[in-house]
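The next block is structure_5.txt, given as compact mmCIF, C-alpha atoms.
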# COMPACT_ATOMS: atom_id res chain seq x y z
CA MET A 1 106.17 69.88 124.13
CA ASP A 2 104.55 67.64 121.53
CA LYS A 3 101.78 69.36 119.60
CA SER A 4 99.88 66.07 119.37
CA MET A 5 99.67 65.92 123.18
CA ILE A 6 97.91 69.28 123.54
CA LYS A 7 94.17 68.71 123.48
CA ARG A 8 92.28 71.84 122.54
CA ARG A 9 89.42 72.81 124.81
CA LEU A 10 87.10 73.33 121.86
CA GLU A 11 87.28 69.68 120.83
CA ASN A 12 84.44 68.62 123.12
CA GLU A 13 82.43 71.72 122.28
CA ILE A 14 82.61 71.07 118.54
CA GLU A 15 81.57 67.45 119.03
CA SER A 16 78.58 68.68 121.05
CA LEU A 17 77.63 71.30 118.44
CA LEU A 18 77.77 68.70 115.66
CA MET A 19 75.23 66.64 117.58
CA ARG A 20 72.81 69.58 117.64
CA HIS A 21 73.37 71.44 114.35
CA PRO A 22 73.62 70.45 110.68
CA ALA A 23 76.61 72.73 110.15
CA VAL A 24 79.29 74.06 112.49
CA ALA A 25 81.68 76.84 111.51
CA LEU A 26 85.09 76.91 113.18
CA LEU A 27 86.60 80.33 112.60
CA GLY A 28 90.05 81.65 113.40
CA PRO A 29 93.15 83.17 111.85
CA ARG A 30 95.42 81.07 109.70
CA GLN A 31 97.93 78.74 111.35
CA VAL A 32 95.98 78.66 114.61
CA GLY A 33 95.28 74.93 114.38
CA LYS A 34 91.77 74.73 112.90
CA THR A 35 92.56 71.82 110.57
CA THR A 36 94.39 69.85 113.27
CA LEU A 37 91.47 70.33 115.65
CA ALA A 38 88.89 69.37 113.01
CA LEU A 39 90.73 66.16 112.15
CA ALA A 40 90.96 65.29 115.85
CA VAL A 41 87.20 65.78 116.21
CA VAL A 42 86.35 63.50 113.29
CA ALA A 43 88.95 60.79 114.00
CA THR A 44 86.30 58.34 115.19
CA ARG A 45 83.73 58.88 112.44
CA THR A 46 83.53 58.56 108.68
CA SER A 47 84.49 61.87 107.13
CA THR A 48 85.95 63.54 104.07
CA TYR A 49 88.27 66.54 104.19
CA LEU A 50 88.43 69.08 101.36
CA ASP A 51 90.96 71.92 101.31
CA LEU A 52 89.31 74.52 99.10
CA GLU A 53 92.57 76.36 98.58
CA THR A 54 93.81 73.49 96.43
CA PRO A 55 92.64 73.33 92.79
CA SER A 56 92.19 69.55 92.98
CA ASP A 57 89.75 69.71 95.89
CA ARG A 58 87.90 72.68 94.41
CA ALA A 59 87.51 70.68 91.19
CA LYS A 60 85.71 67.93 93.13
CA LEU A 61 82.96 70.45 93.84
CA ALA A 62 82.34 71.39 90.22
CA GLU A 63 78.93 69.75 90.78
CA PRO A 64 78.58 70.28 94.54
CA GLU A 65 75.08 68.87 94.97
CA SER A 66 76.10 65.62 93.32
CA TYR A 67 79.27 65.42 95.40
CA PHE A 68 77.38 66.04 98.65
CA ALA A 69 74.78 63.42 97.69
CA ALA A 70 77.53 60.86 97.07
CA HIS A 71 78.88 61.54 100.58
CA ALA A 72 75.52 61.78 102.32
CA ASP A 73 76.53 59.47 105.17
CA GLU A 74 79.76 61.29 105.98
CA LEU A 75 80.78 64.40 107.83
CA LEU A 76 82.25 66.77 105.26
CA ILE A 77 85.02 69.13 106.38
CA LEU A 78 85.25 72.16 104.10
CA ASP A 79 88.46 74.07 104.83
CA GLU A 80 88.95 77.73 103.80
CA ILE A 81 85.40 77.89 102.51
CA GLN A 82 85.62 81.64 101.95
CA ARG A 83 87.52 80.76 98.77
CA VAL A 84 84.27 79.32 97.32
CA PRO A 85 81.51 81.57 98.71
CA GLU A 86 78.94 80.28 96.20
CA LEU A 87 78.87 77.04 98.22
CA PHE A 88 76.84 78.65 100.97
CA SER A 89 73.61 78.71 98.99
CA VAL A 90 74.18 75.07 97.95
CA LEU A 91 74.73 74.07 101.57
CA ARG A 92 71.43 75.66 102.52
CA GLY A 93 69.55 73.51 100.01
CA VAL A 94 71.35 70.33 101.05
CA ILE A 95 70.71 70.96 104.75
CA ASP A 96 67.02 71.68 104.17
CA ARG A 97 66.65 68.51 102.11
CA ASP A 98 68.45 66.48 104.80
CA ARG A 99 66.06 67.83 107.42
CA ARG A 100 63.05 66.77 105.37
CA GLU A 101 64.58 63.29 105.10
CA GLY A 102 65.30 63.07 108.81
CA ARG A 103 69.07 63.68 108.70
CA GLY A 104 69.26 66.88 110.69
CA THR A 105 72.67 67.21 112.36
CA GLY A 106 76.41 66.74 111.97
CA ARG A 107 76.66 67.07 108.20
CA PHE A 108 79.22 69.84 107.65
CA LEU A 109 82.20 71.18 109.58
CA ILE A 110 83.20 74.45 107.95
CA LEU A 111 86.63 75.99 108.57
CA GLY A 112 87.50 79.52 107.63
CA SER A 113 89.92 82.35 108.18
CA ALA A 114 87.56 84.99 109.49
CA SER A 115 86.51 87.56 106.95
CA ARG A 116 83.58 89.79 106.18
CA ASP A 117 82.70 87.64 103.17
CA LEU A 118 82.62 84.43 105.20
CA LEU A 119 80.46 85.88 107.95
CA ARG A 120 78.15 87.73 105.57
CA GLN A 121 77.61 84.80 103.23
CA SER A 122 77.00 82.29 105.99
CA SER A 123 74.69 84.54 107.98
CA GLU A 124 72.58 85.26 104.90
CA SER A 125 72.46 81.73 103.50
CA LEU A 126 72.64 79.52 106.58
CA ALA A 127 70.70 81.44 109.20
CA GLY A 128 69.17 78.95 111.64
CA ARG A 129 71.24 76.13 110.20
CA ILE A 130 74.75 76.83 111.48
CA ALA A 131 76.52 77.25 114.82
CA TYR A 132 79.71 79.29 115.19
CA THR A 133 82.71 78.82 117.40
CA GLU A 134 86.11 80.51 117.38
CA LEU A 135 89.56 79.02 117.85
CA GLY A 136 92.39 81.15 119.13
CA GLY A 137 95.95 80.21 119.96
CA PHE A 138 96.92 77.97 122.84
CA ASP A 139 95.85 79.47 126.16
CA ALA A 140 97.21 79.19 129.69
CA LEU A 141 94.96 76.29 130.71
CA GLU A 142 95.85 74.25 127.63
CA VAL A 143 99.63 74.41 127.83
CA THR A 144 100.94 75.69 131.15
CA ASP A 145 101.94 73.54 134.08
CA THR A 146 104.54 75.96 135.44
CA ARG A 147 105.29 79.66 135.54
CA GLU A 148 108.09 79.05 133.05
CA GLU A 149 105.61 77.59 130.56
CA ARG A 150 103.24 80.53 131.02
CA GLU A 151 106.05 82.99 130.46
CA ARG A 152 106.98 81.17 127.26
CA LEU A 153 103.37 81.40 126.12
CA PHE A 154 103.34 85.12 126.91
CA VAL A 155 106.58 85.82 125.03
CA ARG A 156 105.91 83.59 122.00
CA GLY A 157 102.13 83.82 121.82
CA GLY A 158 99.67 81.02 121.28
CA PHE A 159 100.06 80.13 117.60
CA PRO A 160 101.21 76.48 117.63
CA GLY A 161 104.07 77.05 115.19
CA SER A 162 105.46 79.80 117.40
CA PHE A 163 104.84 78.32 120.84
CA LEU A 164 106.18 74.87 119.93
CA ALA A 165 109.28 76.08 118.08
CA ASP A 166 112.61 74.56 119.13
CA SER A 167 114.06 77.89 120.25
CA ASP A 168 113.18 81.54 120.79
CA ALA A 169 115.00 82.36 117.56
CA ALA A 170 112.96 79.81 115.61
CA SER A 171 109.76 81.09 117.21
CA PHE A 172 110.59 84.69 116.31
CA GLU A 173 111.40 83.66 112.74
CA TRP A 174 108.07 81.81 112.50
CA ARG A 175 106.13 84.88 113.65
CA GLN A 176 107.95 87.18 111.24
CA SER A 177 107.08 84.80 108.42
CA PHE A 178 103.47 84.62 109.62
CA ILE A 179 103.17 88.41 109.56
CA ARG A 180 104.78 88.65 106.13
CA THR A 181 102.51 85.94 104.69
CA TYR A 182 99.40 87.60 106.04
CA LEU A 183 100.43 90.96 104.63
CA GLU A 184 101.59 89.74 101.24
CA ARG A 185 99.14 86.92 100.50
CA ASP A 186 96.21 86.45 102.85
CA MET A 187 95.04 90.02 103.35
CA PRO A 188 94.94 90.82 99.62
CA LEU A 189 92.85 87.66 99.11
CA LEU A 190 90.42 88.27 101.96
CA GLY A 191 90.05 92.02 102.09
CA PRO A 192 90.41 95.35 100.33
CA ARG A 193 93.41 96.12 98.15
CA ILE A 194 95.68 98.05 100.49
CA PRO A 195 99.44 98.50 99.96
CA THR A 196 101.37 95.95 102.00
CA GLU A 197 103.62 98.53 103.58
CA THR A 198 100.64 100.62 104.69
CA LEU A 199 99.08 97.60 106.39
CA ARG A 200 102.38 96.73 108.08
CA ARG A 201 102.75 100.26 109.44
CA PHE A 202 99.17 100.25 110.67
CA TRP A 203 99.54 96.85 112.38
CA THR A 204 102.85 97.92 113.94
CA MET A 205 101.31 101.15 115.24
CA LEU A 206 98.58 99.13 116.92
CA ALA A 207 101.29 97.03 118.59
CA HIS A 208 103.08 100.16 119.81
CA ALA A 209 99.78 101.44 121.22
CA GLN A 210 98.74 98.06 122.68
CA GLY A 211 95.81 98.49 125.04
CA GLY A 212 95.43 102.18 124.27
CA LEU A 213 92.28 104.08 123.43
CA TRP A 214 91.45 104.13 119.73
CA ASN A 215 92.47 107.45 118.17
CA SER A 216 91.78 107.31 114.44
CA SER A 217 92.98 110.85 113.71
CA LYS A 218 96.37 110.27 115.34
CA ILE A 219 96.98 107.05 113.45
CA ALA A 220 95.64 108.57 110.23
CA ALA A 221 98.13 111.43 110.48
CA SER A 222 100.98 108.98 111.01
CA ILE A 223 100.29 106.85 107.93
CA GLY A 224 98.92 109.58 105.66
CA VAL A 225 95.29 108.49 105.24
CA SER A 226 91.93 109.75 106.49
CA GLY A 227 90.38 108.87 109.83
CA GLN A 228 87.60 107.00 108.04
CA THR A 229 90.21 104.94 106.20
CA THR A 230 91.96 103.93 109.41
CA ALA A 231 88.59 102.90 110.84
CA ARG A 232 88.11 100.60 107.85
CA TYR A 233 91.61 99.17 108.39
CA LEU A 234 90.75 98.50 112.03
CA ASP A 235 87.49 96.78 111.08
CA PHE A 236 89.43 94.58 108.66
CA PHE A 237 91.92 93.43 111.30
CA VAL A 238 89.08 92.80 113.77
CA ASP A 239 87.17 90.76 111.18
CA MET A 240 90.24 88.58 110.68
CA LEU A 241 90.45 87.94 114.44
CA LEU A 242 93.90 89.52 114.65
CA VAL A 243 92.84 92.57 116.67
CA ARG A 244 90.30 93.03 119.47
CA CYS A 245 88.33 96.19 120.19
CA LEU A 246 87.23 96.22 123.83
CA ALA A 247 84.16 98.39 124.29
CA PRO A 248 83.75 100.72 127.29
CA TRP A 249 81.25 99.95 130.04
CA VAL A 250 78.77 102.82 129.75
CA SER A 251 75.81 101.79 131.91
CA ASN A 252 76.60 104.31 134.65
CA ALA A 253 74.77 107.37 133.35
CA GLY A 254 75.85 109.57 136.24
CA LYS A 255 79.56 109.46 135.34
CA ARG A 256 81.62 111.13 132.64
CA LEU A 257 82.82 108.00 130.94
CA VAL A 258 85.47 107.32 128.33
CA ARG A 259 83.59 106.13 125.23
CA SER A 260 86.38 105.18 122.80
CA PRO A 261 87.24 101.47 122.61
CA LYS A 262 90.59 100.06 123.69
CA VAL A 263 92.49 98.22 120.96
CA TYR A 264 94.67 95.12 121.36
CA VAL A 265 96.64 93.02 118.91
CA ARG A 266 95.22 89.73 120.11
CA ASP A 267 98.30 87.46 120.12
CA SER A 268 101.10 88.61 122.42
CA GLY A 269 103.75 86.87 120.30
CA VAL A 270 102.61 88.82 117.23
CA VAL A 271 102.82 92.05 119.27
CA HIS A 272 106.42 91.25 120.13
CA ALA A 273 107.36 90.25 116.57
CA LEU A 274 105.86 93.44 115.12
CA LEU A 275 108.03 95.42 117.55
CA GLY A 276 111.19 93.39 116.92
CA ILE A 277 111.23 91.82 120.40
CA ALA A 278 112.85 88.41 119.99
CA ASP A 279 112.99 86.95 123.51
CA ARG A 280 112.00 87.38 127.15
CA GLU A 281 115.02 89.44 128.14
CA ALA A 282 114.36 91.95 125.38
CA LEU A 283 110.68 92.07 126.32
CA LEU A 284 111.31 92.78 130.01
CA GLY A 285 113.26 95.89 129.06
CA HIS A 286 110.71 97.17 126.55
CA PRO A 287 108.03 99.78 127.38
CA VAL A 288 105.28 97.57 125.89
CA VAL A 289 105.72 94.75 128.44
CA GLY A 290 102.92 95.91 130.76
CA ALA A 291 100.41 96.57 128.00
CA SER A 292 101.31 93.31 126.27
CA TRP A 293 100.77 91.40 129.52
CA GLU A 294 97.38 93.11 129.86
CA GLY A 295 96.37 91.97 126.39
CA PHE A 296 97.67 88.45 127.07
CA VAL A 297 95.59 88.15 130.23
CA ILE A 298 92.46 89.51 128.55
CA GLU A 299 92.75 87.05 125.66
CA THR A 300 93.36 84.18 128.08
CA LEU A 301 90.27 84.99 130.14
CA LEU A 302 88.02 85.56 127.14
CA SER A 303 89.22 82.36 125.48
CA VAL A 304 87.84 80.29 128.36
CA ALA A 305 84.71 82.36 129.04
CA PRO A 306 81.30 81.15 127.80
CA SER A 307 80.52 82.43 124.31
CA SER A 308 77.73 84.70 125.56
CA THR A 309 79.99 86.48 128.07
CA GLU A 310 80.12 90.24 127.57
CA ALA A 311 83.48 91.99 127.97
CA TYR A 312 84.20 95.68 128.56
CA PHE A 313 86.67 98.03 130.23
CA TYR A 314 85.73 100.86 132.57
CA ARG A 315 87.23 104.33 132.72
CA THR A 316 85.90 107.69 133.85
CA ALA A 317 87.23 111.18 133.26
CA ALA A 318 87.92 111.38 136.99
CA GLY A 319 90.35 108.44 136.90
CA ALA A 320 88.29 105.43 137.98
CA GLU A 321 89.46 102.47 135.91
CA ALA A 322 89.16 98.69 135.53
CA ASP A 323 90.98 96.83 132.77
CA LEU A 324 88.26 94.23 132.23
CA VAL A 325 84.59 93.96 133.17
CA LEU A 326 83.10 90.50 132.56
CA VAL A 327 79.35 90.04 132.50
CA LEU A 328 78.80 86.29 132.66
CA PRO A 329 75.79 84.63 131.00
CA ASP A 330 73.89 84.57 134.31
CA LYS A 331 74.53 88.37 134.57
CA ARG A 332 77.07 88.10 137.37
CA THR A 333 79.70 90.81 136.98
CA TRP A 334 83.39 90.30 137.67
CA VAL A 335 85.86 93.18 137.54
CA VAL A 336 89.55 92.63 136.80
CA GLU A 337 92.65 94.78 137.12
CA ILE A 338 95.84 93.52 135.47
CA LYS A 339 99.33 94.08 136.83
CA ARG A 340 102.66 92.73 135.60
CA ALA A 341 104.27 93.17 139.06
CA ASP A 342 105.01 90.25 141.39
CA ALA A 343 103.68 92.28 144.34
CA PRO A 344 100.52 93.93 143.03
CA LYS A 345 99.04 97.04 144.62
CA VAL A 346 95.54 98.33 144.08
CA GLY A 347 95.21 102.01 143.20
CA ARG A 348 92.39 104.32 144.20
CA GLY A 349 91.04 104.26 140.66
CA PHE A 350 90.25 100.54 140.85
CA HIS A 351 88.55 100.93 144.22
CA VAL A 352 86.37 103.69 142.77
CA ALA A 353 85.59 101.57 139.72
CA CYS A 354 84.47 98.72 141.97
CA ALA A 355 82.25 101.11 143.92
CA ASP A 356 80.73 102.39 140.66
CA ILE A 357 80.13 98.96 139.13
CA ASN A 358 79.35 96.99 142.31
CA PRO A 359 80.59 93.65 140.94
CA GLU A 360 80.01 90.27 142.54
CA ARG A 361 83.78 89.57 142.44
CA ALA A 362 86.87 91.75 141.98
CA PHE A 363 90.34 90.50 141.10
CA VAL A 364 93.83 91.72 140.42
CA VAL A 365 95.64 89.40 138.03
CA TYR A 366 99.40 89.54 138.51
CA SER A 367 102.40 87.58 137.26
CA GLY A 368 102.69 85.32 140.30
CA GLU A 369 100.97 82.09 141.33
CA GLU A 370 99.52 82.49 144.83
CA SER A 371 96.08 83.87 145.62
CA PHE A 372 95.62 86.28 148.53
CA PRO A 373 93.26 89.08 149.63
CA LEU A 374 94.10 92.70 148.95
CA GLY A 375 91.32 94.24 151.04
CA GLY A 376 87.95 95.58 150.04
CA ASN A 377 86.81 92.14 148.76
CA ILE A 378 89.54 92.26 146.10
CA GLU A 379 91.66 89.16 145.54
CA ALA A 380 95.06 88.84 143.88
CA VAL A 381 95.26 85.79 141.59
CA GLY A 382 97.42 84.35 138.83
CA VAL A 383 96.08 84.31 135.31
CA SER A 384 95.66 80.52 135.21
CA THR A 385 93.79 80.56 138.52
CA LEU A 386 91.28 83.13 137.34
CA ALA A 387 90.90 81.37 133.99
CA GLN A 388 90.02 78.16 135.82
CA ARG A 389 87.51 79.97 138.01
CA ILE A 390 85.79 81.29 134.91
CA VAL A 391 85.61 77.75 133.53
CA ASP A 392 84.20 76.48 136.83
CA ALA A 393 81.62 79.30 136.88
CA LYS A 394 80.01 78.21 133.58
Once you've parsed the file, please lay out its structure as structure tokens.
Amino acid sequence: MDKSMIKRRLENEIESLLMRHPAVALLGPRQVGKTTLALAVVATRTSTYLDLETPSDRAKLAEPESYFAAHADELLILDEIQRVPELFSVLRGVIDRDRREGRGTGRFLILGSASRDLLRQSSESLAGRIAYTELGGFDALEVTDTREERERLFVRGGFPGSFLADSDAASFEWRQSFIRTYLERDMPLLGPRIPTETLRRFWTMLAHAQGGLWNSSKIAASIGVSGQTTARYLDFFVDMLLVRCLAPWVSNAGKRLVRSPKVYVRDSGVVHALLGIADREALLGHPVVGASWEGFVIETLLSVAPSSTEAYFYRTAAGAEADLVLVLPDKRTWVVEIKRADAPKVGRGFHVACADINPERAFVVYSGEESFPLGGNIEAVGVSTLAQRIVDAK
């Protein structure tokens, strides 16, 4: 599959945001395709691209106000802006001056590997002047026409370099390199100084415990640090959009509810690379396959959901459980159970969860393609089918 033929869903959204806001920030982990997407968005307009990781482009901004004034009629793309955080205050002044002169929108497209510094600086300096959107890897609606394609996406993950590799071996090698580069170069630049091997062990432990409840003391004991330290590590990985913490649904005050979040390494291909799983055959025989599929489905559904969608899981001490609770922007609630099996069965725990939550719709996502009723207003669907229904429900 040719990378140039895969149109990202966010392309239209970014174009729309640029028409309404002076600055748009496109956030996402490295190698996820932010630059490719940005250049596709601006292909039909006058623009200038600056990669702020390169000394030559950083040197152009030695006098940023003068540079921005010289390019006042262009869209400026500032890539990896967290490398030059002092630019945020300059951008604020430029945007405010543009507004006074009647040039209010579409001035800056900011790209960044998510980090605390990027989010903190932009929220403090550009409040009311910037819109945010997040790019993840390829999802099921962007790349899959067949079950075989979806399985490849599940095994390799959605990073373009991994999914589009010529072979499973090349994909696995790409992901191993990606992990190594993040650990050895990117994380020391963007976050606290933590030994590389400690971060690798922590990341790998999260992969082993994919979809499990967060237990800081257990992980702390395994890597020889305090529970507070592991919580900081987790926050760091979440900030970089590599890990998702799914909060529990706690609105039912009459139930004894689980209150710890569930933790997922967000890209299924990275999960498999961290665990040394090189191809589909090895994955099918590995204990993580079910939990990895669960994470893959959750990321797929959230990638297509409106940005204001709220996502939770539900679990009670008595055994009622739903893998995903989606509260759509219009407050409709959909409840989802996720099964890897080709012939899914609904357990009592999911029925009880549905009775507790009283959702508008209830689904079981399984690895097949057909949709069919399972009784009790619950429908079995494939992941692409449910993703499309979420898109249609916007």
> Which one of A:Ile338, A:Leu326, A:Val258, A:Ala311 sits closest to A:Gly295 if you count all atoms listed in the file?
Replying inline: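 Using all atoms listed in the file, A:Gly295 sits closest to A:Ile338.
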>> Report as a list in words all protein, DNA and RNA residues lying within 8 Å of stretch 297-305 of chain A, evaluated on only C-alpha atoms, omitting residues in the same chain fewer than 4 positions from it.
In response: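 Non-adjacent residues within range: Gly136, Asp139, Ala140, Arg266, Asp267, Trp293, Thr309, Ala311, Leu324, Leu328, Ile338, Val365, Val383, Leu386, Ala387, Ile390, Val391 and Lys394 of chain A.
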> From the list A:Val24, A:Leu126, A:Val41, A:Ala220, which residue is nearest A:Thr105 when using all atoms listed in the file?
Replying inline: A:Val24
>> Would you pick out the contacts of A:Ile219 at 8 Å or less, using all atoms listed in the file, so that residues sharing its chain but fewer than 6 positions from it are not included, and give the list as number ranges by chain?
In response: A: 202, 205, 227, 230
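Taking only C-alpha atoms into account, A:Arg58 lies nearest to A:Val84 out of the set A:Ala70, A:Val84, A:Leu75, A:Ala43.
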> Which residues, written as a VMD selection string, have at least one atom at most 10 Å from A:Arg83, with only C-alpha atoms counted and residues fewer than 2 positions away on the same chain left out?
Replying inline: chain A and resid 51 to 54 58 79 to 81 85 to 87 112 to 113 117 to 118 189 to 190
